[in-house]
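Some notes on the structure that comes next.
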Amino acid sequence: MKGVLEPRFRQRIGYQAGLLGGFAAMAAALLMMGNLGTSDSIAQRQQEDLVASLTQVIPTALYDESLLSNNLVITSSEGSATTVYRAVRNGQVTAVAYEVSGAGYAGEIRLLLGVDAGGKTLGVRVISHAETPGLGDKIELAKDDWILDFNGRSLDNPDDAGWHVRKDGGIFDQFSGATITPRAVVAAVHEGLRYFRVHSGEMLARIPDPATNAVTGG
Amino acid sequence: MKLFRIRGGVHPEDRKHLAADQPIIDLPLPPLLHIPVQQHIGAAAQPAVQRGQHVHMGELLATSQGAISAPVHAPTSGRIMGIGNYPAHHPSGLSVRTITLQPDGEDRWSDKLTPCDDPFALEPAEVAARVAAAGIVGMGGATFPSAVKLNLRERYKLHTLVINGAECEPYLTCDDRLMREQAMEVIDGIRIMAHALGVERIIVAIENNKPDALRAMQHAATAFDMLTVTGIPTRYPMGSEKHMVQALTGLETPARALTADIGIVVHNVATAYAVHQALRFGWPLVARVVTVSGGAVARPANLRVRIGTPVSHLIDYCGGTDEATARLISGGPMMGQPLPSTRVPVVKGSNGVLALTAAEIASREPSPCIRCASCVSACPCGLVPLEMAARARAGDLDGTVKIGLMDCVACGSCSYVCPSSIPLVQYFNYAKGELAARQRSKHKQMETKRLATQRSARIEEQKRKKREAMAQRKRKDATAAREAVAEESGA
Amino acid sequence: MAGVYRRIITDGLWSNNVVFAQLLALCPLLAVTGTATNGLGMGLATTFVMMLSGFAVSIFRSIVTAEVRIPVFVLIIATIVTLVDMSMNAWVHDLHKVLGLFIPLIVTNCAILGRAEAFASKKPIALAVLDGLMMGLGFTLALVILGAVREILASATLFSNASLLLGRHFAFLEQQLIADYRGFLLVALPPGGFLALGFLLAAKRVLDTRLARRAERRTAPDAPTMAGAG
Amino acid sequence: MTELTTIAGPHAHEHNHVTRIMLLVMLALAPATLFGMVLFGWPAVLLFAVTVVTAVLAEVVCLAIAGRPVKRTLFDGSALLTGWLLAMTLPPWAPWWIGVVGALLAIVVAKQVFGGIGQNLFNPAMVARVALLISFPVEMTTFVQAAGLAGNAPGFTDAIAITFGGAAQPDAFSSATVLGHLRTELTRGGDVAGALSGHFDPWALLLGNTAGSMGETSALLILLGGLWLIYKRVISWHIPLSMLLALAALATVFHLIDPGRYAGPVYHVVSGAALLGAFFIATDLVTSPVTPRGQLLFGAGCGLLVYVIRTWTNYPEGVAFAVMLMNACTPLIDHYIKPRIYGRTRRGEPLSYPDASGDDA
Amino acid sequence: MGEYLLLLLATVLVNNVVLVKFLGLCPFMGVSSKIDSALGMGFATTFVLTLAAVASWLLERFLLQPLELGYLRILTFILVIAAVVQFTEMAVRKLAPALYQVLGIFLPLITTNCAVLGVALLNVQEDHSFIDSMLYGLGSALGFTLVMVLFAGLRERLALASVPRAFTGTPIAFITAGLLSLAFMGFSGLA
Amino acid sequence: MHELEMLSALFSLTTLGLVLGALLGLAARHLKVEGSALEAEIEALLPGSQCGQCGFPGCGPAATALASGGAPVTLCPPGGRALAEELADKLGVTVDLAGVEDKPVLVAFVHESLCIGCTKCFKRCPTDAIVGGPKMIHAVFADACTGCEQCFEVCPTECIEMRAVQPTTQTWYWPKPAANDIDDGRGIAA
Ligand SMILES: Cc1cc2nc3c(=O)[nH]c(=O)nc-3n(C[C@H](O)[C@H](O)[C@H](O)COP(=O)(O)O)c2cc1C
Ligand SMILES: Cc1cc2nc3c(=O)[nH]c(=O)nc-3n(C[C@H](O)[C@H](O)[C@H](O)COP(=O)(O)O)c2cc1C
Ligand SMILES: Cc1cc2nc3c(=O)[nH]c(=O)nc-3n(C[C@H](O)[C@H](O)[C@H](O)COP(=O)(O)O)c2cc1C
Ligand SMILES: Cc1cc2nc3c(=O)[nH]c(=O)nc-3n(C[C@H](O)[C@H](O)[C@H](O)CO)c2cc1C
Ligand code: SF4
Ligand code: SF4
Ligand code: SF4
Ligand code: SF4
Ligand code: FES
């Protein structure tokens, strides 16, 4: 920038390298300290977030141990892994929660599904979706309580024919003008319950697993 | 004859019926003739007569200046009333140097004329020289000195002479009448020009809406093998030389080049007639046929008019115009220029005087361009007029050049069809003029820059000299002093 | 000297506003202005980073050479942003949840580097910090206005979720303007962001010319020769 | 006299002007519009009126604010035509405010802020349609079965309730468009043949006996109107032809590859707004290229995009999007595709001189 | 092969960096008044963006992940990007001075073209493979170039239009960008 | 564990910095661009009559000021609008040229009856546009006069008049059509 005014040594490559290197070192040092000071509490906050969402689909009454301390990873035959969070009261698995997903109008809809030991739905919450605001987004609890309709449902309640939106002959309401979204959610929950039936053995059997027990939290 | 397709063009209502059946009449002399010294493209001629001098018809009034110029001759015998500024035959309303002649009514030809019995015996250069001396300029509208074009054989390998009898502008019938009434003379002029050019082929092209002229010319040409007279489709601007050449031969003249580059020269029928008169009788160009027409003219006519006759004289002869006159135009409605007043004189390039009514003009308030692309399909030059106009309007003149402004022949087809009545041609005229003005001022800037550096160099030089002189004097003084000291010490 | 400060303040807030005048920092501007609250949060975080980076760049301005200037400045900014990100995540976690996505974006907010280059690298520390503050506040202003306009048009609310960002005491900011508004979705979507900003800029232009004309009218009587200078 | 000299030539003009062009287009649209009104009854008439009136009023207000000559500009008829075309693409029973908001979007946002007629970059009616579709998908995708001819159309009072009162549309009437139906069925895993059996009758589509907007239902009348416009030289044949050809060609290719997933060319050409788009919308003079070759490219682009959008995106109908996308390409097309200038090569260099000796031979 | 094409198409059209992801808007508005400069900027960005996507993937894979240095991600990425840009700037200045004049201050600003860092970070977030990362970078850059050039064409026409004074310049440019973005919504769901 | 991680962080980032810095330094050396050609280019564009109407002592300093951004592109009256456009293009700035009207071109004209042959004007004219000698009537060669008015200012008898150059039929051209085809909407509040 300054051309002629710059002292000679500044034009040396060593100076440039040193300068950038020095700043990089300084930055690294600063960030390291930052990381040191914050990493623990960040990890803790993240767990709190997870617990907060889990408690939405698993009532507090159902557990006396941390919801995070009894995780189970189920790997399907195709190799996809599902993390199952388990509520344990008095040493018994009383409920589980895991993620299910369906293909909505504009991409994947991810849901968290809570199921009690008897295979009854405790609650369903949307984790993420890309449905049209004002149309497909009524699946969010903040917008509409449609999602609460799943509470207490199970594979027998209703029967297979009932696990559809009304338009397709089922018992669940669709939204006016947007059938694809509720259709996808109903199908996803239905599928999730079947998944529970298939894997209930693994899920309900409590196999102490020290690795996943490592973290504890409020 | 096989014809080729040309792009674009329009079919304006030709309205030639107004004057087409009026034979050419000699217009009586007006009380005063105003003869501008510049009626052609190139340098203005230099007056060669004095005030008060008496001149004969055909006598030289002003001599041509330089390579591209044309002399001016007395259209009749009479006395020079003065040489001064007079309103020009030009839309600007500006005045130009004009020689005023008071006819003496005798119409006596000068005795210095040099008729020639056999022009074909003359050297081509001699033919051209006589045409130059006769002050003949292109009568098809461009007013380019014809002799310059006749000399093109020196630089180009020419093979064809095309005679432009298209007269594609609506209303105009002067060429039509000339061909019908004086076909033999026109053909003679054409052959003389062909002789001067040394071409082996001549094509006379006449638009199909002039069947009588076509027949007359074909009849007159039967004796001459090298001469083909052909009808061409009626479509404006068929008369534009580059397009006519393309329609006749299929050859396209390269941009920024002359038709001569492809071996072809184009002349107008009226020019041929003038050449005939100049060579056979030694008559310089002192009169021409003018069509007076338009809905506002009482009796449309084709008049043979002395150069310098005021336009008002023509109009009065035709019974005057009625109050419905919306516009007074020199030339045809497509490419003609509006005239600032009827005082201006007829010049060598005037082929028509039109008084049009508002209904004939059919112009409306301009409105925004709707990009209908009519102008694009109408343009015979393959330009995009709407964009050139938009750029000119936004001040992006370089942009207009980049997309072809300099290839525009100002034919007006685009404005003619524009449903938004946008004055496209005026935008182009403005842009061309503004660019030329910038070029001039840039040229001047370069010139002044050169002058300024010259001057500072000179001043620097003077200063240096002065310094040197001073230094020398000082040195001299110093040596003198030293010598004095040495002498002293030596003493 | 006071003039200099005044100048920096008016420049930053209005006449050389990052968004309205310099047309920088457009990405976060359009990306986060779904609601006024998001705009406010992003604006405040950016302001903080701008001040700090102005400070740091100004300190080191004399030892940096042209060749490595940009990498060094970027390094400084990135460090500050990462630190801010970490601290917010650790200590004001709720706020971080709202803004988390946008904070790394601050690094590439061209306005910050732009100011570092154009101002902080040439000026003493105090001025650089003030400039950072004012530019940041000007940016915040733009964010909040655009956010508010889009939020109102899209859903007839204003400052929704403000209490999440600012705490419960600011719940009063949250307004539902029209009871059962159907919602004009377009404004909330990307095209609406562009459109709203376009109309805002036009409105600013009208406002500016009005102000200028008024100023002109006021000065005109006593200083007729100055007419037109306003 | 002095005033005369300021006008350059030419001093003659063709008797053609903007108002005449717009009137001819409206004339060409009129049969299809009237037929649509008969099909869909009073609600369609009311919506049409509301849209057109709003468009014209918006134009007046904008012109007045901008200080332009209101009378002269308004009477060019373009605002009326924009409102008209917009109304043709709306669900005929949509509530009044759809028409109002649409007309405002078209005239204010898509046209007047750009400077009014001729200055806009995007087709105003299509901007409005797309913006409405995105903002109000429910209203914009609720169609009714063409019913007027069957005699059980709502009376005038019912119509007022439907258009202005927000009365729910009787379910008995509501129906999906053919395109929407196919899309839904394909999403549910059905195949083309199954989805279209009983739903797709090209003759019904041509004659208009189907659900859709007014511009979609009377394909035959639209086609005739468009051909008449070509005959009257208001539009050139390049855009309609290349658009329909491109659409049909793509449909044919994919239909041959997998008839189960891809519907055939007849389906694509006669259903939806393909014909309206090809003859009346893509041909909008202002927003399409000015050279014939550019227009061919533009039309082909429209056809391609219509097919792509109908087949692989979230939207069952893509004419409006395709036209807008190609509008965006128009300046580039005009920039790169220009007529060849007389005496120059396509690249703008002067032609090279033909060898003079060659001519002698 | 097909899926790569799909990824490329999706990044160019559906998730267009500028119109949908809101990245790289400053150069988008700044260097788009002429078609030629838009093309130049597009190419410069394409070069930098693709290079940066590749470099950052390598960094992430071979430095940050093995050493668990996630918190240095922004820092290292931006450092590499800045260096690539600075290098490009010097090279363009030396090798194509005309282009340099056109691109003016925007070459250094590619550093802060959020698209570059944004794409690098998104690559990490989406856990892209090496090829995917490269294609994602390339696709984003092509999408950027595409809309830049389209937009430049539109703006060249705007420059000749008689836009009301309140809207001339940037306001109408934003409105145009809005309509362009509206048109691009037609691609949603594709791929 | 922690120490190792910290060291590796420090080390890797520092190395990265060092390497990149060195690369940039190398690049800067090998891709160096020689001096500012801009100033020379700008000076070449300026009229070069050193008339000083711009407020700078001549075209050279004016070019310096322009190159450094210290002067508006509209500074040079003789250059007029065309020059301003060219400069704006060169410098990559946009200017509103609406205000820069080309003023009518003026040239000096010496009233012969009043000229006393003092040669003051002759000495001042930067382009040698004035011809004449001591005690002789001076005349202006209009084609070389830039209209800088320097002679006008020094003439003791005020015999020099600045006259607008009149168009001729050769230099006249059609005016730009009045913009009434498209009212620019300038009536809007702005
Ligand atoms: C812009 C737009 C957004 C849409 N968003 C959704 C959506 O989020 N969820 C949904 O199920 N359908 C959505 N649709 C699809 C239509 O509403 C579709 O016609 C409907 O879902 C089909 O169901 P139906 O059986 O009720 O007609 C959308 C349509 C459009 C045009
Ligand atoms: C658009 C246009 C139309 C023209 N129409 C005619 C015409 O109808 N008749 C004619 O003789 N010359 C016409 N000219 C002039 C011819 O191009 C050419 O200059 C003339 O025929 C040459 O002959 P001259 O030099 O003898 O006049 C036209 C020129 C242009 C550009
Ligand atoms: C941008 C905009 C969106 C609107 N959206 C709706 C809507 O979704 N539903 C509606 O009934 N009215 C809408 N309106 C119109 C007004 O809210 C109107 O007052 C209302 O519809 C009154 O009709 P009602 O009596 O049937 O409720 C909208 C108006 C505007 C300007
Ligand atoms: C053949 C033709 C087609 C038109 N198509 C449309 C159209 O699709 N949408 C529209 O808003 N205006 C249309 N117009 C009207 C007019 O061109 C339009 O309002 C301009 O875009 C406004 O500047 C059309 C006009 C013509 C002559
Ligand atoms: S005037 Fe020029 S642009 Fe217009 S049609 Fe004629 S040649 Fe083409
Ligand atoms: S004919 Fe007129 S309205 Fe049509 S495109 Fe050309 S300039 Fe525009
Ligand atoms: S006004 Fe122009 S010509 Fe005169 S000195 Fe200044 S730059 Fe040179
Ligand atoms: S105004 Fe006078 S001093 Fe200046 S250039 Fe003209 S003659 Fe010379
Ligand atoms: S903030 Fe994204 S490019 Fe400027």
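Ligands are numbered from 1 in the order shown, residues from 1 within each chain, and chains are lettered A, B, ... in the order they appear in the structure tokens.
With the cut-off set to 12 Å and only C-alpha atoms counted, chain C residues close to chain D are Leu153, Ala154, Ser155, Arg182, Gly183, Phe184, Leu185, Leu186, Val187, Ala188, Leu189, Pro190, Pro191, Gly192, Leu195, Ala196, Gly198, Phe199 and Ala202 of chain C.
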Find the nearest atom pair between each residue of chain B and ligand 4 for residues within 10 Å, count only C-alpha atoms and all ligand atoms, give distances in Å to one decimal, sort rows by chain and ascending number, and present the table as JSON lines.
```
{"residue": "B:Pro368", "atom": "CA", "partner": "ligand 4", "partner_atom_place_in_ligand_line": "23 (O)", "distance": 9.4}
{"residue": "B:Cys369", "atom": "CA", "partner": "ligand 4", "partner_atom_place_in_ligand_line": "23 (O)", "distance": 9.3}
{"residue": "B:Ile370", "atom": "CA", "partner": "ligand 4", "partner_atom_place_in_ligand_line": "17 (O)", "distance": 6.9}
{"residue": "B:Arg371", "atom": "CA", "partner": "ligand 4", "partner_atom_place_in_ligand_line": "17 (O)", "distance": 8.9}
{"residue": "B:Cys372", "atom": "CA", "partner": "ligand 4", "partner_atom_place_in_ligand_line": "27 (C)", "distance": 7.8}
```
### Message
What residues of the protein or nucleic acid chains come within 8 Å of ligand 2 when you use only C-alpha atoms and all ligand atoms? Reply as number ranges by chain.
### Response
B: 137-146, 149, 163-169, 175, 236-242, 266-272, 335, 409-412
### Task
Kindly work out which residues sit at most 9 Å from ligand 1, using only C-alpha atoms and all ligand atoms, and give the list as a VMD selection string.
(chain A and resid 104 to 106 130 to 137 167 174 to 184) or (chain D and resid 130 132 to 138 140 to 142 175 to 176 180 to 181 183 to 184 314 to 316)
Could you write out the selected residues, including N, CA and C atoms, as a short mmCIF file (atom, residue, chain, number, x, y, z; two decimals), in the first residue's frame?
```
data_model
loop_
_atom_site.label_atom_id
_atom_site.label_comp_id
_atom_site.auth_asym_id
_atom_site.auth_seq_id
_atom_site.Cartn_x
_atom_site.Cartn_y
_atom_site.Cartn_z
N GLY A 104 -41.94 -35.51 3.31
CA GLY A 104 -43.00 -34.52 3.25
C GLY A 104 -43.12 -33.90 1.87
N TYR A 105 -43.81 -32.79 1.83
CA TYR A 105 -44.01 -32.11 0.55
C TYR A 105 -42.69 -31.55 0.02
N ALA A 106 -41.89 -31.03 0.94
CA ALA A 106 -40.65 -30.39 0.49
C ALA A 106 -39.48 -30.95 1.27
N ALA A 130 -39.28 -28.92 6.31
CA ALA A 130 -39.18 -27.82 5.36
C ALA A 130 -40.50 -27.61 4.66
N GLU A 131 -41.60 -27.92 5.37
CA GLU A 131 -42.91 -27.78 4.73
C GLU A 131 -43.27 -26.30 4.57
N THR A 132 -44.25 -26.07 3.75
CA THR A 132 -44.64 -24.70 3.45
C THR A 132 -45.24 -24.03 4.68
N PRO A 133 -44.68 -22.90 5.07
CA PRO A 133 -45.26 -22.19 6.21
C PRO A 133 -46.71 -21.85 5.90
N GLY A 134 -47.54 -21.95 6.92
CA GLY A 134 -48.94 -21.61 6.74
C GLY A 134 -49.75 -22.73 6.11
N LEU A 135 -49.06 -23.80 5.74
CA LEU A 135 -49.79 -24.86 5.05
C LEU A 135 -49.40 -26.21 5.67
N GLY A 136 -48.13 -26.54 5.46
CA GLY A 136 -47.68 -27.83 5.99
C GLY A 136 -47.11 -27.70 7.39
N ASP A 137 -46.90 -26.48 7.86
CA ASP A 137 -46.21 -26.36 9.14
C ASP A 137 -47.15 -26.49 10.33
N LYS A 167 -58.80 -38.48 4.24
CA LYS A 167 -59.00 -38.53 2.80
C LYS A 167 -58.68 -39.91 2.23
N GLN A 174 -56.62 -34.31 7.78
CA GLN A 174 -55.59 -33.67 6.96
C GLN A 174 -55.77 -32.16 7.10
N PHE A 175 -54.83 -31.38 6.58
CA PHE A 175 -55.00 -29.92 6.58
C PHE A 175 -55.63 -29.56 5.26
N SER A 176 -56.44 -28.53 5.30
CA SER A 176 -57.08 -28.17 4.03
C SER A 176 -56.01 -27.68 3.07
N GLY A 177 -56.00 -28.29 1.91
CA GLY A 177 -55.05 -27.87 0.87
C GLY A 177 -53.69 -28.50 1.00
N ALA A 178 -53.46 -29.25 2.07
CA ALA A 178 -52.15 -29.86 2.21
C ALA A 178 -52.30 -31.24 2.80
N THR A 179 -52.41 -32.20 1.93
CA THR A 179 -52.62 -33.56 2.40
C THR A 179 -51.31 -34.32 2.52
N ILE A 180 -50.35 -33.89 1.74
CA ILE A 180 -49.12 -34.66 1.67
C ILE A 180 -48.38 -34.66 3.00
N THR A 181 -48.34 -33.51 3.65
CA THR A 181 -47.60 -33.41 4.89
C THR A 181 -48.17 -34.34 5.98
N PRO A 182 -49.47 -34.21 6.30
CA PRO A 182 -50.00 -35.10 7.36
C PRO A 182 -49.91 -36.57 6.97
N ARG A 183 -50.08 -36.82 5.69
CA ARG A 183 -49.96 -38.20 5.21
C ARG A 183 -48.57 -38.74 5.57
N ALA A 184 -47.57 -37.89 5.34
CA ALA A 184 -46.20 -38.32 5.62
C ALA A 184 -45.98 -38.53 7.11
N VAL D 130 -47.33 -16.21 -10.02
CA VAL D 130 -46.37 -16.97 -9.24
C VAL D 130 -46.36 -16.49 -7.80
N LEU D 132 -48.75 -15.14 -6.16
CA LEU D 132 -49.98 -15.60 -5.50
C LEU D 132 -49.89 -17.08 -5.16
N LEU D 133 -49.40 -17.87 -6.10
CA LEU D 133 -49.31 -19.31 -5.89
C LEU D 133 -48.44 -19.61 -4.68
N ILE D 134 -47.34 -18.86 -4.57
CA ILE D 134 -46.43 -19.14 -3.47
C ILE D 134 -47.00 -18.65 -2.15
N SER D 135 -47.72 -17.53 -2.20
CA SER D 135 -48.22 -16.97 -0.95
C SER D 135 -49.51 -17.64 -0.49
N PHE D 136 -50.36 -17.97 -1.43
CA PHE D 136 -51.67 -18.50 -1.04
C PHE D 136 -51.94 -19.82 -1.75
N PRO D 137 -51.15 -20.84 -1.43
CA PRO D 137 -51.29 -22.09 -2.21
C PRO D 137 -52.67 -22.70 -2.10
N VAL D 138 -53.33 -22.53 -0.99
CA VAL D 138 -54.64 -23.18 -0.86
C VAL D 138 -55.61 -22.58 -1.86
N MET D 140 -54.98 -20.89 -4.40
CA MET D 140 -54.54 -20.96 -5.79
C MET D 140 -54.56 -22.38 -6.35
N THR D 141 -54.83 -23.36 -5.49
CA THR D 141 -54.86 -24.72 -6.05
C THR D 141 -56.22 -25.37 -5.83
N THR D 142 -57.20 -24.54 -5.48
CA THR D 142 -58.54 -25.09 -5.30
C THR D 142 -59.36 -24.80 -6.55
N SER D 175 -62.42 -29.89 -7.44
CA SER D 175 -61.82 -30.92 -8.27
C SER D 175 -60.38 -30.52 -8.55
N ALA D 176 -59.56 -31.50 -8.81
CA ALA D 176 -58.18 -31.16 -9.12
C ALA D 176 -58.06 -30.96 -10.62
N GLY D 180 -52.65 -31.44 -11.69
CA GLY D 180 -52.55 -31.61 -10.24
C GLY D 180 -52.87 -33.05 -9.86
N HIS D 181 -53.87 -33.61 -10.52
CA HIS D 181 -54.27 -34.97 -10.21
C HIS D 181 -53.13 -35.96 -10.52
N ARG D 183 -50.00 -35.33 -10.69
CA ARG D 183 -48.92 -35.13 -9.74
C ARG D 183 -49.20 -35.85 -8.42
N THR D 184 -50.45 -35.68 -7.90
CA THR D 184 -50.79 -36.31 -6.64
C THR D 184 -50.69 -37.83 -6.75
N ASN D 314 -41.87 -29.46 -7.49
CA ASN D 314 -43.02 -29.52 -6.62
C ASN D 314 -44.29 -29.02 -7.29
N TYR D 315 -44.15 -28.37 -8.42
CA TYR D 315 -45.32 -27.73 -8.99
C TYR D 315 -45.87 -28.53 -10.16
N PRO D 316 -47.15 -28.78 -10.14
CA PRO D 316 -47.73 -29.56 -11.22
C PRO D 316 -47.78 -28.78 -12.53
#
```
### Task
For ligand 5, collect every residue having any atom at a distance of at most 6 Å from a ligand atom (counting only C-alpha atoms and all ligand atoms); output as a ChimeraX atom specification.
/B:378-381,383,385,408-414,425
### Query
Which protein, DNA or RNA residues have an atom within 9 Å of ligand 6, counting only C-alpha atoms and all ligand atoms, as a VMD selection string?
(chain B and resid 367 to 378 384 to 387 389 to 390 414 to 424) or (chain D and resid 17 to 18 118 285 to 286 290)
### Task
Give me, as a PyMOL selection string, the contact residues of chain E against chain F at a cut-off of 7 Å, counting only C-alpha atoms.
chain E and resi 67+69+83+87+90-91+94+162-166
Write the residues of the preceding selection, restricted to N, CA, C and O atoms, as a CSV table (one decimal), in the first residue's frame.
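Okay, this is what ended up in part-v9.csv:
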```
chain,number,residue,atom,x,y,z
E,67,LEU,N,-7.0,-34.2,14.7
E,67,LEU,CA,-6.5,-33.6,15.9
E,67,LEU,C,-7.6,-33.0,16.7
E,67,LEU,O,-7.3,-32.3,17.7
E,69,LEU,N,-9.7,-30.6,16.3
E,69,LEU,CA,-9.5,-29.1,16.4
E,69,LEU,C,-10.7,-28.4,15.8
E,69,LEU,O,-10.6,-27.4,15.1
E,83,ALA,N,-5.8,-16.6,1.6
E,83,ALA,CA,-4.6,-16.8,0.8
E,83,ALA,C,-4.9,-17.1,-0.6
E,83,ALA,O,-4.3,-16.5,-1.5
E,87,PHE,N,-3.8,-14.6,-3.6
E,87,PHE,CA,-3.0,-15.1,-4.7
E,87,PHE,C,-3.7,-14.9,-6.1
E,87,PHE,O,-3.0,-14.4,-7.0
E,90,MET,N,-3.4,-11.2,-7.1
E,90,MET,CA,-2.1,-10.8,-7.6
E,90,MET,C,-1.9,-11.4,-9.0
E,90,MET,O,-1.4,-10.7,-9.9
E,91,ALA,N,-2.3,-12.6,-9.2
E,91,ALA,CA,-2.2,-13.2,-10.5
E,91,ALA,C,-3.0,-12.5,-11.5
E,91,ALA,O,-2.5,-12.2,-12.6
E,94,LYS,N,-1.5,-9.2,-12.5
E,94,LYS,CA,-0.3,-9.3,-13.3
E,94,LYS,C,-0.6,-9.7,-14.7
E,94,LYS,O,-0.2,-9.2,-15.7
E,162,SER,N,-36.8,3.7,-18.4
E,162,SER,CA,-37.1,4.9,-17.6
E,162,SER,C,-37.7,4.6,-16.3
E,162,SER,O,-38.9,4.7,-16.1
E,163,VAL,N,-36.9,4.2,-15.4
E,163,VAL,CA,-37.3,3.8,-14.1
E,163,VAL,C,-37.6,5.1,-13.3
E,163,VAL,O,-36.9,6.0,-13.4
E,164,PRO,N,-38.7,5.1,-12.5
E,164,PRO,CA,-39.0,6.3,-11.7
E,164,PRO,C,-37.8,6.6,-10.8
E,164,PRO,O,-37.1,5.7,-10.4
E,165,ARG,N,-37.5,7.9,-10.6
E,165,ARG,CA,-36.3,8.3,-9.9
E,165,ARG,C,-36.1,7.6,-8.5
E,165,ARG,O,-35.0,7.2,-8.2
E,166,ALA,N,-37.2,7.5,-7.8
E,166,ALA,CA,-37.1,6.9,-6.5
E,166,ALA,C,-36.5,5.5,-6.6
E,166,ALA,O,-36.0,5.0,-5.6
```
### Message
Please find the residues contacting ligand 8 at a distance of at most 6 Å between atoms, with only C-alpha atoms and all ligand atoms counted, and report them as number ranges by chain.
### Response
F: 107-108, 124-127, 129-130, 140, 145-151
### Task
Tell me, as an MDAnalysis selection string, which residues lie within 7 Å of Ser101 of chain A, counting only C-alpha atoms; anything in the same chain fewer than 3 positions away does not count.
chainID A and resid 108:111 188
#### Entry: Secondary structure check, helix (DSSP H, G or I) residues of segment 35-163 of chain F, as an NGL selection string
:F and (38-45 or 59-67 or 80-91 or 97-99 or 120-124 or 142-144 or 150-154)
### Message
Around ligand 9, out to 8 Å and counting only C-alpha atoms and all ligand atoms, which residues are there? I want them as a list in words.
### Response
Leu24, Ala25, Leu26, Cys27, Pro28, Leu29, Thr108, Asn109, Cys110 and Ala111 of chain C; Phe22, Leu23, Gly24, Leu25, Cys26, Pro27, Phe28, Leu109, Ile110, Thr112, Asn113, Cys114 and Ala115 of chain E
